[in-house]
Amino acid sequence: MLNPILGIVLVFGALIFFHELGHFVFAKRAGILCREFAIGMGPKLFSFKKGETLYTLRLLPIGGFVRMAGEDPEVVELKTGQEVGLLFDAQQQVTRIVVKGKEKYPQARLARIEDYDLEKELVIKVTEVGNDESTTYRVHPQAHLVLDGQEVQIAPIDRQFGGKTLGQRFITIFAGPAANVLLAFILLTSTGLVYGLPLDEPKLGKVMPHGPAAEAGLQQGDLVKTINGEPVNSFQDIREIVKASPNEPLQFEIEREGQPMLFTVVPEVVENEATGETESKMMVYQATYFSITDSVARGATETVNFTLIIFKSLGMLISGDATVNDLSGPVGIFTMTGDAAERGFQVLLTWGAILSINLAIFNMLPIPALDGGRLVFLGIEALRGKPIDPHKEGMVHFLGFAFLMLLILFVTWNDIQKFIING
């Protein structure tokens, strides 16, 4: 059993981290300047800079982002006629353009900007203070603009998201959802590696103390041959017979260390905490075995199966067999994650995998502001042979984001009402 809050932090931290890591890794591979890698939204709690990227942890655990050069307006803009301070390297390339706070850089050359190109030509034409002659300087590709101590690295066109090929941009966006599918596969594979894989044969695994099976004398490793004289071939056979026999004596013929034995078990009726329904159980786990190759195969199979189930649910939503009222928002998902944590780490791993696949599929929906919506715009660009106007695309994404916020508010209100009704 895990603390519910810890379980929520672990699951959502992993989901967000892997999603953004997918974007980040392929953006870096494409040569895109990544200004910030953020986990969470809202105010910064913690940050550090390594290389060109600022890594931040933010207050609200409801998302994250990779801020790539060229996707948003730059923090600092230059204007002609503006007085700036210039710092140079040994090759007389400009490495710092001090926009504000020049008194902190007494070694900087003061100059007024006549013209500049920090994207393609990487030059700046200035008139130095005290000298009426114009001079054009080369600007280092990793030069910084400085504003009161805040430094922003310039982004030449070949370092911007929009300056990359259509294929590079597609992979960079697609890599986020793909990383979530990979995470689901890792989690589902890990359950087999850590907790073992279920055996098909009717062998008993861990026997819970003080349960009906333990009180009857059954032990871990017992091989069940018959129940009430009927042969059993799998653990599922045992499960079904026990489920259909609440409070009824069942005679188990078992084999223990090569010796046949008889035991009488009376299954106990208990309430399923997840569904609220009563079930007949004898408090025995299925026997397991350990195999790396089988764990990997099962992880892949379960990833595919859960993906198909989620697509089927999405189809029901589209066909009308399910409604928006059936959806859960952040409150409901947080609650279910906390419940999974209380049921144990194995359950939490499986639940985390399901959420990760959900996140991947949701992000691939062709809705503006989501990864799927951005991929649609790239598809349109491929058909047109030229990109859509960034301002128009930005407006569509803004409207999509507003729609998503309304949807989240709606399903959150539904969650709250459900909790009130269910007490």
# chains A, B, ... in the order shown; residues from 1 in each chain; ligands from 1
>>> select_by_dssp(residues="stretch 4-147 of chain A", states="alpha helix (DSSP H)", output="number ranges by chain")
A: 4-29
>>> write_last_selection(atoms="C-alpha atoms", output="tab-separated table (two decimals), in the first residue's frame")
chain	number	residue	atom	x	y	z
A	4	PRO	CA	-2.30	8.20	-2.16
A	5	ILE	CA	-0.65	11.61	-2.50
A	6	LEU	CA	2.72	9.99	-3.22
A	7	GLY	CA	1.06	7.70	-5.76
A	8	ILE	CA	-0.53	10.68	-7.56
A	9	VAL	CA	2.79	12.56	-7.65
A	10	LEU	CA	4.67	9.51	-8.97
A	11	VAL	CA	2.15	8.66	-11.69
A	12	PHE	CA	1.49	12.14	-13.00
A	13	GLY	CA	5.14	13.12	-12.69
A	14	ALA	CA	6.12	10.12	-14.82
A	15	LEU	CA	3.37	10.73	-17.41
A	16	ILE	CA	4.26	14.39	-17.88
A	17	PHE	CA	8.02	13.80	-17.78
A	18	PHE	CA	7.99	11.08	-20.44
A	19	HIS	CA	5.64	13.03	-22.71
A	20	GLU	CA	7.76	16.17	-22.63
A	21	LEU	CA	10.97	14.13	-22.80
A	22	GLY	CA	9.77	12.70	-26.11
A	23	HIS	CA	9.34	16.20	-27.55
A	24	PHE	CA	12.63	17.35	-26.00
A	25	VAL	CA	14.86	14.50	-27.23
A	26	PHE	CA	13.74	14.74	-30.85
A	27	ALA	CA	13.78	18.54	-30.82
A	28	LYS	CA	17.40	18.40	-29.67
A	29	ARG	CA	18.20	15.77	-32.31
>>> closest_residue(among="A:Glu71, A:Glu52, A:Glu128, A:Glu279", to="A:Arg109", atoms="only C-alpha atoms")
A:Glu128
>>> residues_around(residues="A:Phe362", least_positions_apart="4", cutoff="9 Å", atoms="only C-alpha atoms", output="PyMOL selection string")
chain A and resi 177+357-358+370-372
>>> write_last_selection(atoms="C-alpha atoms", output="mmCIF file, in the first residue's frame")
data_model
loop_
_atom_site.group_PDB
_atom_site.id
_atom_site.type_symbol
_atom_site.label_atom_id
_atom_site.label_comp_id
_atom_site.auth_asym_id
_atom_site.auth_seq_id
_atom_site.Cartn_x
_atom_site.Cartn_y
_atom_site.Cartn_z
ATOM 1 C CA PRO A 177 2.466 10.741 -27.450
ATOM 2 C CA ILE A 357 -2.007 5.294 -23.114
ATOM 3 C CA ASN A 358 -5.042 7.534 -22.496
ATOM 4 C CA LEU A 370 -3.151 19.293 -28.845
ATOM 5 C CA ASP A 371 -0.318 17.450 -30.577
ATOM 6 C CA GLY A 372 -2.822 15.916 -32.984
#
>>> residues_around(residues="A:Ala287", least_positions_apart="4", cutoff="12 Å", atoms="only C-alpha atoms", output="MDAnalysis selection string")
chainID A and resid 195:207 219:224 234:236
>>> residues_around(residues="stretch 41-47 of chain A", least_positions_apart="6", cutoff="9 Å", atoms="only C-alpha atoms", output="PyMOL selection string")
chain A and resi 54-65
>>> write_last_selection(atoms="N, CA and C atoms", output="PDB file, in the first residue's frame")
ATOM      1  N   LEU A  54      16.706  25.767 -19.706  1.00  0.00           N
ATOM      2  CA  LEU A  54      16.312  25.978 -18.311  1.00  0.00           C
ATOM      3  C   LEU A  54      15.339  24.867 -17.933  1.00  0.00           C
ATOM      4  N   TYR A  55      15.653  24.124 -16.884  1.00  0.00           N
ATOM      5  CA  TYR A  55      14.798  23.036 -16.412  1.00  0.00           C
ATOM      6  C   TYR A  55      14.018  23.540 -15.202  1.00  0.00           C
ATOM      7  N   THR A  56      12.688  23.439 -15.254  1.00  0.00           N
ATOM      8  CA  THR A  56      11.866  23.997 -14.189  1.00  0.00           C
ATOM      9  C   THR A  56      10.838  22.987 -13.678  1.00  0.00           C
ATOM     10  N   LEU A  57      10.556  23.093 -12.389  1.00  0.00           N
ATOM     11  CA  LEU A  57       9.458  22.364 -11.757  1.00  0.00           C
ATOM     12  C   LEU A  57       8.451  23.404 -11.323  1.00  0.00           C
ATOM     13  N   ARG A  58       7.197  23.255 -11.765  1.00  0.00           N
ATOM     14  CA  ARG A  58       6.184  24.275 -11.509  1.00  0.00           C
ATOM     15  C   ARG A  58       5.095  23.749 -10.570  1.00  0.00           C
ATOM     16  N   LEU A  59       4.282  24.665 -10.080  1.00  0.00           N
ATOM     17  CA  LEU A  59       3.369  24.389  -8.973  1.00  0.00           C
ATOM     18  C   LEU A  59       2.266  23.402  -9.309  1.00  0.00           C
ATOM     19  N   LEU A  60       1.598  23.574 -10.448  1.00  0.00           N
ATOM     20  CA  LEU A  60       0.396  22.792 -10.760  1.00  0.00           C
ATOM     21  C   LEU A  60       0.760  21.539 -11.558  1.00  0.00           C
ATOM     22  N   PRO A  61       0.473  20.336 -11.026  1.00  0.00           N
ATOM     23  CA  PRO A  61       0.856  19.081 -11.698  1.00  0.00           C
ATOM     24  C   PRO A  61      -0.138  18.655 -12.769  1.00  0.00           C
ATOM     25  N   ILE A  62      -0.484  19.563 -13.674  1.00  0.00           N
ATOM     26  CA  ILE A  62      -1.510  19.246 -14.674  1.00  0.00           C
ATOM     27  C   ILE A  62      -0.958  19.306 -16.100  1.00  0.00           C
ATOM     28  N   GLY A  63       0.330  19.305 -16.249  1.00  0.00           N
ATOM     29  CA  GLY A  63       0.899  19.350 -17.587  1.00  0.00           C
ATOM     30  C   GLY A  63       2.361  19.731 -17.541  1.00  0.00           C
ATOM     31  N   GLY A  64       2.872  20.087 -18.679  1.00  0.00           N
ATOM     32  CA  GLY A  64       4.250  20.499 -18.801  1.00  0.00           C
ATOM     33  C   GLY A  64       4.463  21.022 -20.204  1.00  0.00           C
ATOM     34  N   PHE A  65       5.660  21.432 -20.525  1.00  0.00           N
ATOM     35  CA  PHE A  65       5.917  21.933 -21.873  1.00  0.00           C
ATOM     36  C   PHE A  65       7.408  21.990 -22.141  1.00  0.00           C
TER      37      PHE A  65
END
>>> select_by_dssp(residues="stretch 159-357 of chain A", states="strand (DSSP E)", output="VMD selection string")
chain A and resid 197 to 198 204 to 207 223 to 227 230 to 231 250 to 256 259 to 265 268 to 271 278 to 281 284 to 286 288 to 289
>>> write_last_selection(atoms="C-alpha atoms", output="PDB file, in the first residue's frame")
ATOM      1  CA  LEU A 197       3.700 -13.621 -14.621  1.00  0.00           C
ATOM      2  CA  PRO A 198       0.585 -15.731 -13.904  1.00  0.00           C
ATOM      3  CA  LEU A 204      -1.788 -21.786  -5.695  1.00  0.00           C
ATOM      4  CA  GLY A 205       0.313 -18.701  -5.167  1.00  0.00           C
ATOM      5  CA  LYS A 206       0.472 -16.664  -1.975  1.00  0.00           C
ATOM      6  CA  VAL A 207      -2.168 -17.746   0.560  1.00  0.00           C
ATOM      7  CA  LEU A 223      -1.445 -28.045  -7.191  1.00  0.00           C
ATOM      8  CA  VAL A 224      -5.238 -28.345  -7.348  1.00  0.00           C
ATOM      9  CA  LYS A 225      -6.399 -31.509  -9.113  1.00  0.00           C
ATOM     10  CA  THR A 226     -10.169 -31.488  -8.524  1.00  0.00           C
ATOM     11  CA  ILE A 227     -12.850 -29.470  -6.699  1.00  0.00           C
ATOM     12  CA  GLU A 230     -14.567 -32.056 -10.926  1.00  0.00           C
ATOM     13  CA  PRO A 231     -11.121 -31.750 -12.574  1.00  0.00           C
ATOM     14  CA  LEU A 250     -15.770 -27.059  -1.469  1.00  0.00           C
ATOM     15  CA  GLN A 251     -13.625 -30.188  -1.324  1.00  0.00           C
ATOM     16  CA  PHE A 252     -10.185 -29.575  -2.825  1.00  0.00           C
ATOM     17  CA  GLU A 253      -8.058 -32.498  -3.963  1.00  0.00           C
ATOM     18  CA  ILE A 254      -4.516 -31.181  -4.172  1.00  0.00           C
ATOM     19  CA  GLU A 255      -1.022 -32.478  -4.774  1.00  0.00           C
ATOM     20  CA  ARG A 256       1.681 -31.300  -2.347  1.00  0.00           C
ATOM     21  CA  GLN A 259       1.410 -36.467  -2.163  1.00  0.00           C
ATOM     22  CA  PRO A 260      -2.395 -36.261  -2.734  1.00  0.00           C
ATOM     23  CA  MET A 261      -4.368 -34.467   0.009  1.00  0.00           C
ATOM     24  CA  LEU A 262      -7.987 -33.407   0.638  1.00  0.00           C
ATOM     25  CA  PHE A 263      -9.118 -30.089   2.179  1.00  0.00           C
ATOM     26  CA  THR A 264     -12.506 -28.479   2.637  1.00  0.00           C
ATOM     27  CA  VAL A 265     -12.678 -24.746   1.947  1.00  0.00           C
ATOM     28  CA  GLU A 268     -15.954 -16.048   2.113  1.00  0.00           C
ATOM     29  CA  VAL A 269     -18.228 -13.317   0.753  1.00  0.00           C
ATOM     30  CA  VAL A 270     -16.429  -9.949   0.675  1.00  0.00           C
ATOM     31  CA  GLU A 271     -17.185  -6.528  -0.807  1.00  0.00           C
ATOM     32  CA  THR A 278     -19.973  -8.671  -3.167  1.00  0.00           C
ATOM     33  CA  GLU A 279     -17.686 -11.480  -4.327  1.00  0.00           C
ATOM     34  CA  SER A 280     -16.939 -14.994  -3.178  1.00  0.00           C
ATOM     35  CA  LYS A 281     -13.225 -15.491  -2.437  1.00  0.00           C
ATOM     36  CA  VAL A 284      -5.399 -16.965  -2.624  1.00  0.00           C
ATOM     37  CA  TYR A 285      -3.256 -15.363  -5.318  1.00  0.00           C
ATOM     38  CA  GLN A 286      -2.465 -17.023  -8.620  1.00  0.00           C
ATOM     39  CA  THR A 288       3.546 -16.751 -10.839  1.00  0.00           C
ATOM     40  CA  TYR A 289       6.842 -17.320 -12.613  1.00  0.00           C
TER      41      TYR A 289
END
>>> residues_around(residues="A:Leu375", least_positions_apart="3", cutoff="12 Å", atoms="only C-alpha atoms", output="PyMOL selection string")
chain A and resi 166-177+363-372+378-382+393+397
>>> atom_distance(atom1="atom CA of A:Gln93", atom2="atom CA of A:Asp117")
13.9 Å
